[in-house]
>>> print(open('work-v4.txt').read())   # compact mmCIF, C-alpha atoms
# COMPACT_ATOMS: atom_id res chain seq x y z
CA MET A 1 0.00 0.00 0.00
CA SER A 2 1.37 3.41 -0.92
CA GLU A 3 2.01 6.01 1.77
CA LEU A 4 -0.85 8.16 0.47
CA ASN A 5 -3.29 5.23 0.55
CA ASN A 6 -2.06 4.42 4.04
CA ALA A 7 -2.62 8.03 5.14
CA ARG A 8 -6.13 8.06 3.60
CA THR A 9 -7.04 4.79 5.34
CA HIS A 10 -5.66 6.09 8.63
CA PHE A 11 -7.64 9.35 8.27
CA ILE A 12 -10.87 7.50 7.45
CA GLN A 13 -10.42 5.35 10.55
CA ALA A 14 -9.75 8.46 12.64
CA MET A 15 -12.93 10.10 11.32
CA SER A 16 -14.80 6.92 12.22
CA GLN A 17 -13.58 7.23 15.80
CA ILE A 18 -14.34 10.96 15.96
CA GLY A 19 -17.85 10.36 14.63
CA HIS A 20 -18.41 7.68 17.25
CA PHE A 21 -17.13 10.01 19.98
CA TRP A 22 -19.75 12.60 18.95
CA GLY A 23 -22.53 10.01 19.06
CA PHE A 24 -22.76 9.18 15.37
CA PRO A 25 -22.32 5.76 13.78
CA LYS A 26 -18.69 4.89 13.06
CA ALA A 27 -19.58 4.28 9.42
CA MET A 28 -20.94 7.81 9.15
CA GLY A 29 -17.63 9.32 10.27
CA ALA A 30 -15.71 7.04 7.95
CA ILE A 31 -17.93 7.95 5.01
CA TYR A 32 -17.49 11.66 5.65
CA GLY A 33 -13.73 11.11 5.86
CA ALA A 34 -13.72 9.24 2.54
CA ILE A 35 -15.76 11.95 0.81
CA TYR A 36 -13.70 14.73 2.41
CA LEU A 37 -10.43 13.29 1.09
CA SER A 38 -11.80 12.72 -2.39
CA PRO A 39 -10.61 15.30 -4.92
CA ASP A 40 -13.58 14.39 -7.15
CA PRO A 41 -17.24 13.73 -6.31
CA VAL A 42 -17.81 10.09 -5.31
CA THR A 43 -20.66 7.63 -5.84
CA LEU A 44 -22.21 5.27 -3.30
CA ASP A 45 -20.44 2.34 -5.00
CA GLU A 46 -17.07 4.05 -4.63
CA LEU A 47 -17.81 4.70 -0.96
CA VAL A 48 -18.66 1.02 -0.41
CA ASP A 49 -15.18 0.13 -1.71
CA ARG A 50 -13.38 2.85 0.25
CA VAL A 51 -15.12 2.38 3.59
CA GLY A 52 -15.89 -1.34 3.51
CA VAL A 53 -19.54 -1.27 4.60
CA SER A 54 -22.66 -2.35 2.77
CA LYS A 55 -24.30 -0.17 0.15
CA GLY A 56 -27.37 0.10 2.39
CA ALA A 57 -25.24 1.42 5.27
CA VAL A 58 -23.51 3.86 2.94
CA SER A 59 -26.84 5.09 1.56
CA THR A 60 -28.38 5.53 5.01
CA ASN A 61 -25.37 7.38 6.40
CA VAL A 62 -24.97 9.60 3.34
CA ARG A 63 -28.59 10.72 3.80
CA LYS A 64 -27.80 11.56 7.44
CA LEU A 65 -24.72 13.48 6.34
CA GLU A 66 -26.85 15.39 3.82
CA ARG A 67 -29.35 16.35 6.56
CA LEU A 68 -26.43 17.66 8.61
CA ASN A 69 -25.18 19.60 5.55
CA MET A 70 -21.87 17.75 5.82
CA VAL A 71 -22.11 16.41 2.26
CA HIS A 72 -23.89 17.62 -0.83
CA LYS A 73 -25.34 15.64 -3.72
CA GLN A 74 -24.34 16.44 -7.28
CA VAL A 75 -26.34 15.18 -10.21
CA ARG A 76 -24.71 14.73 -13.60
CA VAL A 77 -26.85 15.04 -16.71
CA GLY A 78 -27.21 11.66 -18.41
CA ASP A 79 -25.85 9.75 -15.42
CA ARG A 80 -28.27 7.96 -13.11
CA LYS A 81 -25.80 7.87 -10.23
CA ASP A 82 -25.63 10.51 -7.54
CA TYR A 83 -22.25 11.97 -6.68
CA TYR A 84 -21.27 13.44 -3.32
CA ILE A 85 -18.87 16.13 -2.20
CA ALA A 86 -17.92 17.12 1.33
CA GLU A 87 -18.75 20.44 2.94
CA THR A 88 -15.35 21.87 3.80
CA ASN A 89 -16.52 24.90 5.75
CA PHE A 90 -16.39 23.48 9.26
CA TRP A 91 -18.48 26.31 10.68
CA LYS A 92 -21.30 25.26 8.37
CA VAL A 93 -20.76 21.65 9.47
CA LEU A 94 -20.94 22.71 13.12
CA GLN A 95 -24.11 24.67 12.45
CA GLY A 96 -25.71 21.66 10.74
CA VAL A 97 -24.76 19.31 13.56
CA LEU A 98 -26.07 21.72 16.19
CA ARG A 99 -29.35 22.18 14.32
CA GLN A 100 -29.80 18.42 14.15
CA ARG A 101 -28.99 18.06 17.84
CA GLN A 102 -31.58 20.72 18.63
CA SER A 103 -34.31 18.30 17.72
CA SER A 104 -37.61 17.27 19.20
CA GLU A 105 -35.89 14.24 20.76
CA PHE A 106 -33.87 16.55 23.00
CA ASP A 107 -37.04 18.46 23.87
CA LEU A 108 -38.78 15.20 24.80
CA ALA A 109 -35.86 14.13 26.99
CA LEU A 110 -35.75 17.53 28.69
CA ARG A 111 -39.50 17.36 29.31
CA ALA A 112 -39.03 13.89 30.86
CA VAL A 113 -36.40 15.32 33.23
CA ASP A 114 -38.85 18.04 34.29
CA GLU A 115 -41.64 15.46 34.71
CA SER A 116 -39.34 13.44 36.97
CA LEU A 117 -38.90 16.54 39.07
CA GLU A 118 -42.68 17.00 39.36
CA ILE A 119 -43.09 13.36 40.46
CA ILE A 120 -40.50 13.90 43.18
CA LYS A 121 -42.19 17.10 44.38
CA ALA A 122 -45.52 15.26 44.66
CA SER A 123 -43.95 12.37 46.56
CA ASP A 124 -44.46 11.94 50.29
CA GLU A 125 -41.75 9.30 50.64
CA ASP A 126 -38.31 9.62 52.28
CA GLU A 127 -37.91 13.40 52.48
CA ASP A 128 -34.10 13.33 52.60
CA LEU A 129 -33.83 11.15 49.51
CA ALA A 130 -36.53 13.18 47.76
CA GLN A 131 -34.61 16.39 48.55
CA PHE A 132 -31.39 14.83 47.24
CA TYR A 133 -33.13 13.74 44.01
CA GLN A 134 -34.76 17.13 43.61
CA GLU A 135 -31.48 19.03 44.00
CA ARG A 136 -29.67 16.74 41.56
CA ILE A 137 -32.41 16.81 38.93
CA GLU A 138 -32.86 20.59 39.21
CA ARG A 139 -29.11 21.05 38.60
CA MET A 140 -29.27 18.68 35.62
CA SER A 141 -32.36 20.42 34.24
CA ALA A 142 -30.78 23.86 34.60
CA PHE A 143 -27.62 22.67 32.82
CA PHE A 144 -29.56 21.14 29.92
CA LYS A 145 -31.74 24.22 29.53
CA THR A 146 -28.65 26.43 29.45
CA LEU A 147 -27.03 24.09 26.95
CA ASP A 148 -30.20 24.17 24.82
CA ARG A 149 -30.13 27.99 24.80
CA ILE A 150 -26.46 28.00 23.79
CA VAL A 151 -27.08 25.51 20.98
CA SER A 152 -30.09 27.53 19.83
CA ALA A 153 -28.02 30.71 19.75
CA ILE A 154 -25.18 29.12 17.80
CA ALA A 155 -27.57 27.44 15.36
CA ALA A 156 -29.28 30.77 14.76
CA LEU A 157 -26.09 32.46 13.62
CA ASP A 158 -26.33 33.54 10.03
CA GLU A 159 -23.49 33.27 7.51
CA PHE A 160 -22.22 36.76 8.34
CA ARG A 161 -21.88 35.95 12.00
CA LEU A 162 -20.26 32.61 11.24
CA SER A 163 -17.68 34.20 8.95
CA THR A 164 -17.05 36.93 11.55
CA LEU A 165 -16.55 34.29 14.25
CA HIS A 166 -14.32 32.36 11.87
CA LYS A 167 -12.16 35.47 11.31
CA LEU A 168 -12.06 36.30 15.04
CA LEU A 169 -10.73 32.85 15.80
CA GLY A 170 -7.95 33.39 13.27
CA ASN A 171 -8.88 30.70 10.78
CA ASN A 172 -8.82 32.22 7.33
CA LYS A 173 -9.14 28.85 5.61
CA ASP A 174 -12.34 26.79 5.45
>>> encode(input="work-v4.txt", output="structure tokens")
Amino acid sequence: MSELNNARTHFIQAMSQIGHFWGFPKAMGAIYGAIYLSPDPVTLDELVDRVGVSKGAVSTNVRKLERLNMVHKQVRVGDRKDYYIAETNFWKVLQGVLRQRQSSEFDLALRAVDESLEIIKASDEDEDLAQFYQERIERMSAFFKTLDRIVSAIAALDEFRLSTLHKLLGNNKD
């Protein structure tokens, strides 16, 4: 294996691990890594070969990456295949990930935390344990609500604000 192929394989594996760390399927991270390091748009079949997962897994994860705005589909006239390119502006990637994370699932989980708190407040059982639970859950609820507000604020940033933030942080490259 050439050094460049070795580096590409190593990078794809690293992206798999990073994706998993952030709560995404390993295959999704690997697929993004393979598309990111491709100088030309790639097809699903090419991704199957590069990443080593089934075409169904590639298709499913590419759709997730599209929803996150991490990859974009290109259609070629006269060609039935779809081609994919990676979003290379990491601020846009971050914004897409944060928008996806700010989903109804998080709202449902946060509501369940608050409901747990209401159950505790209505309880007449062990007052010390109930107080302990209440304090812990209130702290957790406050943290998640603050986190939700932060994510909402970041996700609401428009392109101007993102580019300004990008410049402030000293990254002039995408």
>>> residues_near_point(input="work-v4.txt", point="(-35.7, 17.9, 48.2)", cutoff="12 Å", atoms="all atoms listed in the file", output="list of chain:residue names")
A:Leu117, A:Glu118, A:Ile119, A:Ile120, A:Lys121, A:Ala122, A:Ser123, A:Asp124, A:Glu125, A:Asp126, A:Glu127, A:Asp128, A:Leu129, A:Ala130, A:Gln131, A:Phe132, A:Tyr133, A:Gln134, A:Glu135, A:Arg136, A:Ile137, A:Glu138
>>> residues_near_point(input="work-v4.txt", point="(-20.1, 7.3, -7.8)", cutoff="7 Å", atoms="all atoms listed in the file", output="PyMOL selection string")
chain A and resi 42-46+81-83
>>> write_last_selection(input="work-v4.txt", atoms="C-alpha atoms", output="mmCIF file, in the coordinates of the input")
data_model
loop_
_atom_site.group_PDB
_atom_site.id
_atom_site.type_symbol
_atom_site.label_atom_id
_atom_site.label_comp_id
_atom_site.auth_asym_id
_atom_site.auth_seq_id
_atom_site.Cartn_x
_atom_site.Cartn_y
_atom_site.Cartn_z
ATOM 1 C CA VAL A 42 -17.810 10.090 -5.310
ATOM 2 C CA THR A 43 -20.660 7.630 -5.840
ATOM 3 C CA LEU A 44 -22.210 5.270 -3.300
ATOM 4 C CA ASP A 45 -20.440 2.340 -5.000
ATOM 5 C CA GLU A 46 -17.070 4.050 -4.630
ATOM 6 C CA LYS A 81 -25.800 7.870 -10.230
ATOM 7 C CA ASP A 82 -25.630 10.510 -7.540
ATOM 8 C CA TYR A 83 -22.250 11.970 -6.680
#
>>> atom_distance(input="work-v4.txt", atom1="CA of Gly56 (chain A)", atom2="CA of Ile18 (chain A)")
21.7 Å
>>> residues_around(input="work-v4.txt", residues="Tyr36 (chain A)", least_positions_apart="6", cutoff="12 Å", atoms="only C-alpha atoms", output="MDAnalysis selection string")
chainID A and resid 8 11:12 15 29:30 42 47 65 70:72 84:90
>>> atom_distance(input="work-v4.txt", atom1="CA of Arg80 (chain A)", atom2="CA of Gly52 (chain A)")
22.7 Å
>>> closest_residue(input="work-v4.txt", among="A:Thr9, A:Ser141, A:Asn61, A:Ser152", to="Ile31 (chain A)", atoms="all atoms listed in the file")
A:Asn61
>>> residues_around(input="work-v4.txt", residues="Gly19 (chain A)", least_positions_apart="3", cutoff="10 Å", atoms="all atoms listed in the file", output="VMD selection string")
chain A and resid 13 to 16 22 to 33
>>> closest_residue(input="work-v4.txt", among="A:Asp79, A:Glu3, A:Asp107, A:Asp49", to="Arg149 (chain A)", atoms="all atoms listed in the file")
A:Asp107
>>> atom_distance(input="work-v4.txt", atom1="CA of Arg50 (chain A)", atom2="CA of Glu66 (chain A)")
18.7 Å
>>> closest_residue(input="work-v4.txt", among="A:Ala142, A:Val97, A:Ala7, A:Leu110", to="Leu68 (chain A)", atoms="all atoms listed in the file")
A:Val97
>>> closest_residue(input="work-v4.txt", among="A:Val93, A:Leu147, A:Phe21, A:Pro41", to="Gln74 (chain A)", atoms="all atoms listed in the file")
A:Pro41
>>> closest_residue(input="work-v4.txt", among="A:Asp148, A:Arg63, A:Ala57, A:Gly78", to="Leu98 (chain A)", atoms="all atoms listed in the file")
A:Asp148
